[in-house]
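Student: Sending over upload-v7.pdb (PDB, C-alpha atoms).
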```pdb
ATOM      1  CA  MET E  48       2.951-148.638  82.089  1.00  0.00           C
ATOM      2  CA  ASP E  49       4.278-149.575  78.673  1.00  0.00           C
ATOM      3  CA  LYS E  50       7.672-148.071  77.885  1.00  0.00           C
ATOM      4  CA  PRO E  51      10.370-148.440  75.245  1.00  0.00           C
ATOM      5  CA  ASP E  52      13.568-150.434  75.716  1.00  0.00           C
ATOM      6  CA  TYR E  53      16.092-148.674  77.947  1.00  0.00           C
ATOM      7  CA  GLY E  54      18.545-147.767  75.165  1.00  0.00           C
ATOM      8  CA  ILE E  55      15.970-146.178  72.867  1.00  0.00           C
ATOM      9  CA  ALA E  56      14.296-144.451  75.826  1.00  0.00           C
ATOM     10  CA  GLU E  57      17.586-142.858  76.889  1.00  0.00           C
ATOM     11  CA  LYS E  58      18.307-141.824  73.304  1.00  0.00           C
ATOM     12  CA  CYS E  59      14.942-140.065  73.110  1.00  0.00           C
ATOM     13  CA  ILE E  60      15.495-138.295  76.429  1.00  0.00           C
ATOM     14  CA  THR E  61      18.945-137.156  75.296  1.00  0.00           C
ATOM     15  CA  ILE E  62      17.466-135.781  72.063  1.00  0.00           C
ATOM     16  CA  ARG E  63      14.713-133.965  73.965  1.00  0.00           C
ATOM     17  CA  LYS E  64      17.254-132.407  76.339  1.00  0.00           C
ATOM     18  CA  ARG E  65      19.391-131.250  73.395  1.00  0.00           C
ATOM     19  CA  SER E  66      16.304-129.746  71.769  1.00  0.00           C
ATOM     20  CA  LYS E  67      15.303-127.988  74.991  1.00  0.00           C
ATOM     21  CA  ARG E  68      18.774-126.427  75.180  1.00  0.00           C
ATOM     22  CA  GLY E  69      18.285-125.100  71.650  1.00  0.00           C
ATOM     23  CA  GLU E  70      20.697-127.524  70.017  1.00  0.00           C
ATOM     24  CA  PHE E  71      20.093-128.827  66.504  1.00  0.00           C
ATOM     25  CA  ILE E  72      18.289-132.137  66.150  1.00  0.00           C
ATOM     26  CA  THR E  73      17.886-133.965  62.883  1.00  0.00           C
ATOM     27  CA  GLU E  74      14.566-134.756  61.259  1.00  0.00           C
ATOM     28  CA  GLU E  75      15.192-138.448  62.028  1.00  0.00           C
ATOM     29  CA  GLU E  76      15.724-137.656  65.712  1.00  0.00           C
ATOM     30  CA  HIS E  77      12.556-135.563  65.742  1.00  0.00           C
ATOM     31  CA  GLN E  78      10.599-138.394  64.138  1.00  0.00           C
ATOM     32  CA  LEU E  79      12.002-140.946  66.601  1.00  0.00           C
ATOM     33  CA  CYS E  80      10.783-138.908  69.568  1.00  0.00           C
ATOM     34  CA  GLY E  81       7.431-138.353  67.864  1.00  0.00           C
ATOM     35  CA  ARG E  82       6.957-142.087  67.323  1.00  0.00           C
ATOM     36  CA  LEU E  83       7.852-142.829  70.938  1.00  0.00           C
ATOM     37  CA  CYS E  84       5.460-140.122  72.127  1.00  0.00           C
ATOM     38  CA  ASP E  85       2.664-141.625  70.044  1.00  0.00           C
ATOM     39  CA  LYS E  86       3.332-145.222  71.093  1.00  0.00           C
ATOM     40  CA  TYR E  87       4.313-144.671  74.748  1.00  0.00           C
ATOM     41  CA  ARG E  88       2.396-141.499  75.639  1.00  0.00           C
ATOM     42  CA  GLU E  89       2.219-142.173  79.390  1.00  0.00           C
ATOM     43  CA  TRP E  90       5.966-142.892  79.608  1.00  0.00           C
ATOM     44  CA  TYR E  91       6.751-139.832  77.479  1.00  0.00           C
ATOM     45  CA  MET E  92       4.699-137.536  79.717  1.00  0.00           C
ATOM     46  CA  ASP E  93       6.231-139.068  82.854  1.00  0.00           C
ATOM     47  CA  THR E  94       9.721-138.149  81.597  1.00  0.00           C
ATOM     48  CA  GLU E  95       8.850-134.434  81.238  1.00  0.00           C
ATOM     49  CA  HIS E  96      10.021-133.742  84.803  1.00  0.00           C
ATOM     50  CA  ARG E  97      13.349-135.422  84.153  1.00  0.00           C
ATOM     51  CA  VAL E  98      13.941-133.537  80.902  1.00  0.00           C
ATOM     52  CA  PHE E  99      13.063-130.242  82.589  1.00  0.00           C
ATOM     53  CA  ASN E 100      15.172-130.830  85.701  1.00  0.00           C
ATOM     54  CA  GLU E 101      18.199-132.017  83.724  1.00  0.00           C
ATOM     55  CA  THR E 102      18.178-128.929  81.489  1.00  0.00           C
ATOM     56  CA  VAL E 103      17.665-126.225  84.125  1.00  0.00           C
ATOM     57  CA  PRO E 104      20.525-123.697  83.929  1.00  0.00           C
ATOM     58  CA  PHE E 105      23.305-124.086  86.466  1.00  0.00           C
ATOM     59  CA  GLY E 106      22.537-122.222  89.685  1.00  0.00           C
ATOM     60  CA  SER E 107      18.819-122.073  89.033  1.00  0.00           C
ATOM     61  CA  GLY E 108      16.589-123.281  91.815  1.00  0.00           C
ATOM     62  CA  ALA E 109      13.771-124.165  89.412  1.00  0.00           C
ATOM     63  CA  ARG E 110      12.557-127.736  89.725  1.00  0.00           C
ATOM     64  CA  ARG E 111       9.411-129.648  88.828  1.00  0.00           C
TER      65      ARG E 111
END
```
Please, can you express the file's structure as structure tokens?

Tutor:
Amino acid sequence: MDKPDYGIAEKCITIRKRSKRGEFITEEEHQLCGRLCDKYREWYMDTEHRVFNETVPFGSGARR
């Protein structure tokens, strides 16, 4: 599976987690994640579980 460099991948995941929590993300951050989704679709989809699990509210038993 093709995936982005570690640093840029972690940045994208951090942005996605902030967005999921309802925090503000800039247009540039949004575009970065969009470009990575387009270029590394399989990697992006594989990280959905991580983003979900790392943003579940404290005390929640929800997991993917």

Student: Residues at most 10 Å from stretch 68-81 of chain E, counting all atoms listed in the file, excluding those fewer than 2 positions away in the same chain, as a list in words?

Tutor: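 My reading of the contact set: Ile55, Ala56, Lys58, Cys59, Ile60, Ile62, Arg63, Lys64, Arg65, Ser66, Leu83, Cys84, Asp85, Lys86, Tyr87, Arg88, Tyr91, Thr102, Val103 and Pro104 of chain E.
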
Student: Could you check how far atom CA of E:Thr61 sits from atom CA of E:Asp49, in Å to one decimal?

Tutor: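 Calculated distance between atom CA of E:Thr61 and atom CA of E:Asp49 is 19.5 Å.
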
Student: Quick one: distance from atom CA of E:Trp90 to atom CA of E:Lys50 in Å, one decimal?

Tutor: 5.7 Å

Student: Mind giving me the axis-aligned box for stretch 77-93 of chain E with 5 Å on every side, centre plus edges in Å to one decimal, as AutoDock Vina command-line options?

Tutor:
```
--center_x 7.4 --center_y -140.4 --center_z 73.5 --size_x 20.3 --size_y 19.7 --size_z 28.7
```
